[in-house]
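Printed here is coords.txt (compact mmCIF, C-alpha atoms):
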```txt
# COMPACT_ATOMS: atom_id res chain seq x y z
CA MET A 1 5.65 -0.10 11.91
CA ILE A 2 6.21 1.49 8.51
CA VAL A 3 4.43 -0.28 5.66
CA ASP A 4 4.69 0.28 1.92
CA ALA A 5 1.07 1.43 1.55
CA GLY A 6 0.24 5.03 2.32
CA MET A 7 -2.62 7.39 3.07
CA ASN A 8 -3.06 7.87 -0.67
CA ASP A 9 -4.00 4.15 -0.91
CA LEU A 10 -6.45 4.10 2.00
CA ILE A 11 -7.24 7.50 3.48
CA ARG A 12 -10.26 6.50 5.58
CA PRO A 13 -8.33 6.01 8.87
CA SER A 14 -6.87 9.51 8.58
CA LEU A 15 -10.08 11.24 7.48
CA TYR A 16 -12.67 9.36 9.53
CA GLN A 17 -10.67 7.45 12.15
CA SER A 18 -12.11 4.29 10.56
CA HIS A 19 -10.97 1.04 12.16
CA HIS A 20 -9.60 -1.63 9.84
CA GLU A 21 -8.52 -4.92 11.30
CA ILE A 22 -4.86 -5.54 10.49
CA ILE A 23 -3.71 -9.14 10.34
CA PRO A 24 -0.49 -10.85 9.31
CA VAL A 25 -0.98 -12.97 6.18
CA GLU A 26 1.21 -15.72 7.65
CA GLN A 27 0.33 -17.12 11.08
CA PRO A 28 2.67 -15.53 13.66
CA ALA A 29 5.04 -17.82 15.56
CA THR A 30 3.90 -16.38 18.90
CA ASP A 31 0.74 -15.24 20.65
CA LYS A 32 2.58 -12.19 22.00
CA THR A 33 1.55 -8.76 20.80
CA GLU A 34 2.95 -5.26 21.04
CA ALA A 35 1.34 -1.84 20.76
CA VAL A 36 2.42 -0.22 17.49
CA ASP A 37 1.47 2.56 15.14
CA VAL A 38 1.01 1.30 11.58
CA VAL A 39 2.11 4.13 9.30
CA GLY A 40 2.89 4.70 5.65
CA PRO A 41 5.93 6.20 3.92
CA VAL A 42 4.33 9.54 3.05
CA CYS A 43 5.77 12.22 5.32
CA GLU A 44 2.44 13.53 6.65
CA SER A 45 0.94 13.34 10.14
CA GLY A 46 -2.19 11.77 8.62
CA ASP A 47 -0.28 8.90 6.99
CA PHE A 48 -1.40 6.15 9.37
CA PHE A 49 -3.63 3.08 9.33
CA ALA A 50 -3.70 2.40 13.06
CA GLN A 51 -2.38 3.99 16.22
CA ASN A 52 -1.47 2.15 19.39
CA ARG A 53 -2.77 -1.15 17.93
CA GLU A 54 -1.88 -4.51 19.47
CA LEU A 55 -0.26 -6.66 16.78
CA PRO A 56 2.10 -9.63 16.79
CA PRO A 57 5.76 -8.72 16.34
CA LEU A 58 6.49 -8.34 12.63
CA LYS A 59 9.73 -8.01 10.72
CA GLU A 60 10.75 -6.48 7.41
CA GLY A 61 9.25 -8.45 4.53
CA ASP A 62 6.22 -9.73 6.46
CA VAL A 63 2.92 -9.17 4.69
CA ILE A 64 -0.13 -7.78 6.46
CA ALA A 65 -3.71 -7.37 5.32
CA LEU A 66 -5.78 -4.28 6.05
CA MET A 67 -9.27 -5.69 6.17
CA SER A 68 -12.59 -4.22 5.04
CA ALA A 69 -11.09 -1.57 2.77
CA GLY A 70 -13.95 -2.21 0.37
CA ALA A 71 -14.95 -0.18 -2.66
CA TYR A 72 -14.29 3.11 -0.89
CA GLY A 73 -10.63 2.22 -0.55
CA PHE A 74 -9.91 2.45 -4.26
CA SER A 75 -12.47 5.13 -5.10
CA MET A 76 -10.86 7.45 -2.54
CA ALA A 77 -7.28 6.56 -3.51
CA SER A 78 -5.15 9.23 -5.13
CA ASN A 79 -1.82 9.88 -6.79
CA TYR A 80 -0.82 12.20 -3.94
CA ASN A 81 2.94 12.61 -3.66
CA SER A 82 3.33 11.00 -7.13
CA ARG A 83 2.44 7.56 -5.80
CA PRO A 84 0.89 5.11 -8.29
CA LEU A 85 -2.56 3.74 -7.49
CA PRO A 86 -2.61 0.31 -5.84
CA ALA A 87 -3.83 -2.90 -7.38
CA GLU A 88 -7.37 -3.97 -6.57
CA VAL A 89 -7.74 -7.51 -5.27
CA LEU A 90 -11.06 -9.29 -4.94
CA VAL A 91 -11.02 -11.83 -2.12
CA ASN A 92 -13.78 -14.44 -2.02
CA GLY A 93 -13.19 -17.02 0.69
CA ARG A 94 -9.70 -18.42 0.05
CA GLN A 95 -9.63 -17.19 -3.58
CA ALA A 96 -7.90 -13.88 -4.36
CA ASP A 97 -7.86 -12.33 -7.82
CA ILE A 98 -6.28 -9.11 -9.05
CA ILE A 99 -9.12 -7.23 -10.72
CA ARG A 100 -7.14 -4.05 -11.47
CA GLU A 101 -3.37 -4.01 -11.96
CA ARG A 102 -1.19 -1.71 -9.87
CA GLN A 103 -0.56 1.55 -11.71
CA SER A 104 2.99 1.91 -13.02
CA MET A 105 5.08 5.06 -13.06
CA ALA A 106 4.61 5.10 -16.85
CA ASP A 107 0.83 5.06 -16.30
CA LEU A 108 1.21 7.90 -13.83
CA VAL A 109 2.92 10.24 -16.30
CA ARG A 110 1.18 9.07 -19.49
CA GLY A 111 -0.18 12.06 -21.36
CA GLU A 112 2.22 14.54 -19.77
CA SER A 113 4.78 16.47 -21.77
CA ILE A 114 7.65 18.85 -21.18
CA PRO A 115 7.16 22.18 -22.98
CA GLY A 116 9.85 22.74 -25.58
CA ALA A 117 10.95 19.11 -25.63
CA GLY A 118 8.92 18.14 -28.68
CA PRO A 119 9.50 18.86 -32.37
CA GLU A 120 9.07 22.44 -33.49
CA VAL A 121 5.97 23.23 -35.51
```
Rewrite the structure from the file as structure tokens, please.
Amino acid sequence: MIVDAGMNDLIRPSLYQSHHEIIPVEQPATDKTEAVDVVGPVCESGDFFAQNRELPPLKEGDVIALMSAGAYGFSMASNYNSRPLPAEVLVNGRQADIIRERQSMADLVRGESIPGAGPEV
């Protein structure tokens, strides 16, 4: 199962083999499960969140939650492979609030310049 998050967003499974429960946000229509690898879009062997994990069948567009990412998730996140940093969401019971916006591509390249592209001095 390829998801839109990558090892740059949560590297702990790759580095430490940490286990994060993975749950569908919407209740699945069946109790059936299948063994899947949950991987990201970065073309690296370490770009995975779970291997051989039993999960309900999911389809494109379904949303999953990787649980217990905690403070280390964001503090260890990186811009590897020119990927913007993820948003941070604080979940308290049934309340979820974005506490840091997702980084944009403009944020990612802010402060960079191309030599020779500016005005001559």
Restricting to all atoms listed in the file, whichever of A:Ala5, A:Ile11, A:Ala71, A:Ile98 is closest to A:Gly46 is A:Ile11
Would you kindly return, as a PyMOL selection string, each protein, DNA or RNA residue with an atom no farther than 10 Å from any atom of A:Arg83, considering only C-alpha atoms and excluding same-chain residues fewer than 5 positions away? chain A and resi 5-6+8-9+42+78+103-105+108
Using all atoms listed in the file, find each residue in stretch 57-87 of chain A having at least one atom no more than 7 Å away from stretch 22-40 of chain A; report its shortest atom-to-atom pair and that distance in Å (one decimal), rows by chain then rising number, as a tab-separated table.
```
residue	atom	partner	partner_atom	distance
A:Pro57	CA	A:Thr33	CA	6.1
A:Val63	CA	A:Val25	CA	5.6
A:Ile64	CA	A:Pro24	CA	4.2
A:Ala65	CA	A:Ile23	CA	5.3
A:Leu66	CA	A:Ile22	CA	4.7
A:Met67	CA	A:Ile22	CA	6.2
```
With only C-alpha atoms as the basis for distance, which of A:Met1, A:Asn81, A:Pro115, A:Leu15 is at the shortest distance from A:Pro56?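 The answer is A:Met1, which sits nearest to A:Pro56.
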For a test of reading the model, state the distance in Å between atom CA of A:Glu88 and atom CA of A:Ile2, rounded to one decimal.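 The value is 21.0 Å.
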Just give me the gap between atom CA of A:His19 and atom CA of A:Asn52 in Å, one decimal is fine.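 Result for atom CA of A:His19 versus atom CA of A:Asn52: 12.0 Å, one decimal.
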Suppose you want the space between atom CA of A:Ser68 and atom CA of A:His20; what is it in Å? 6.2 Å
With all atoms of stretch 13-20 of chain A from the file as input, state the centre and edge lengths in Å to one decimal of the axis-aligned box that has 5 Å extra on each side, as lines of an AutoDock Vina configuration file.
```
center_x = -9.8
center_y = 4.8
center_z = 9.8
size_x = 15.8
size_y = 22.9
size_z = 14.7
```
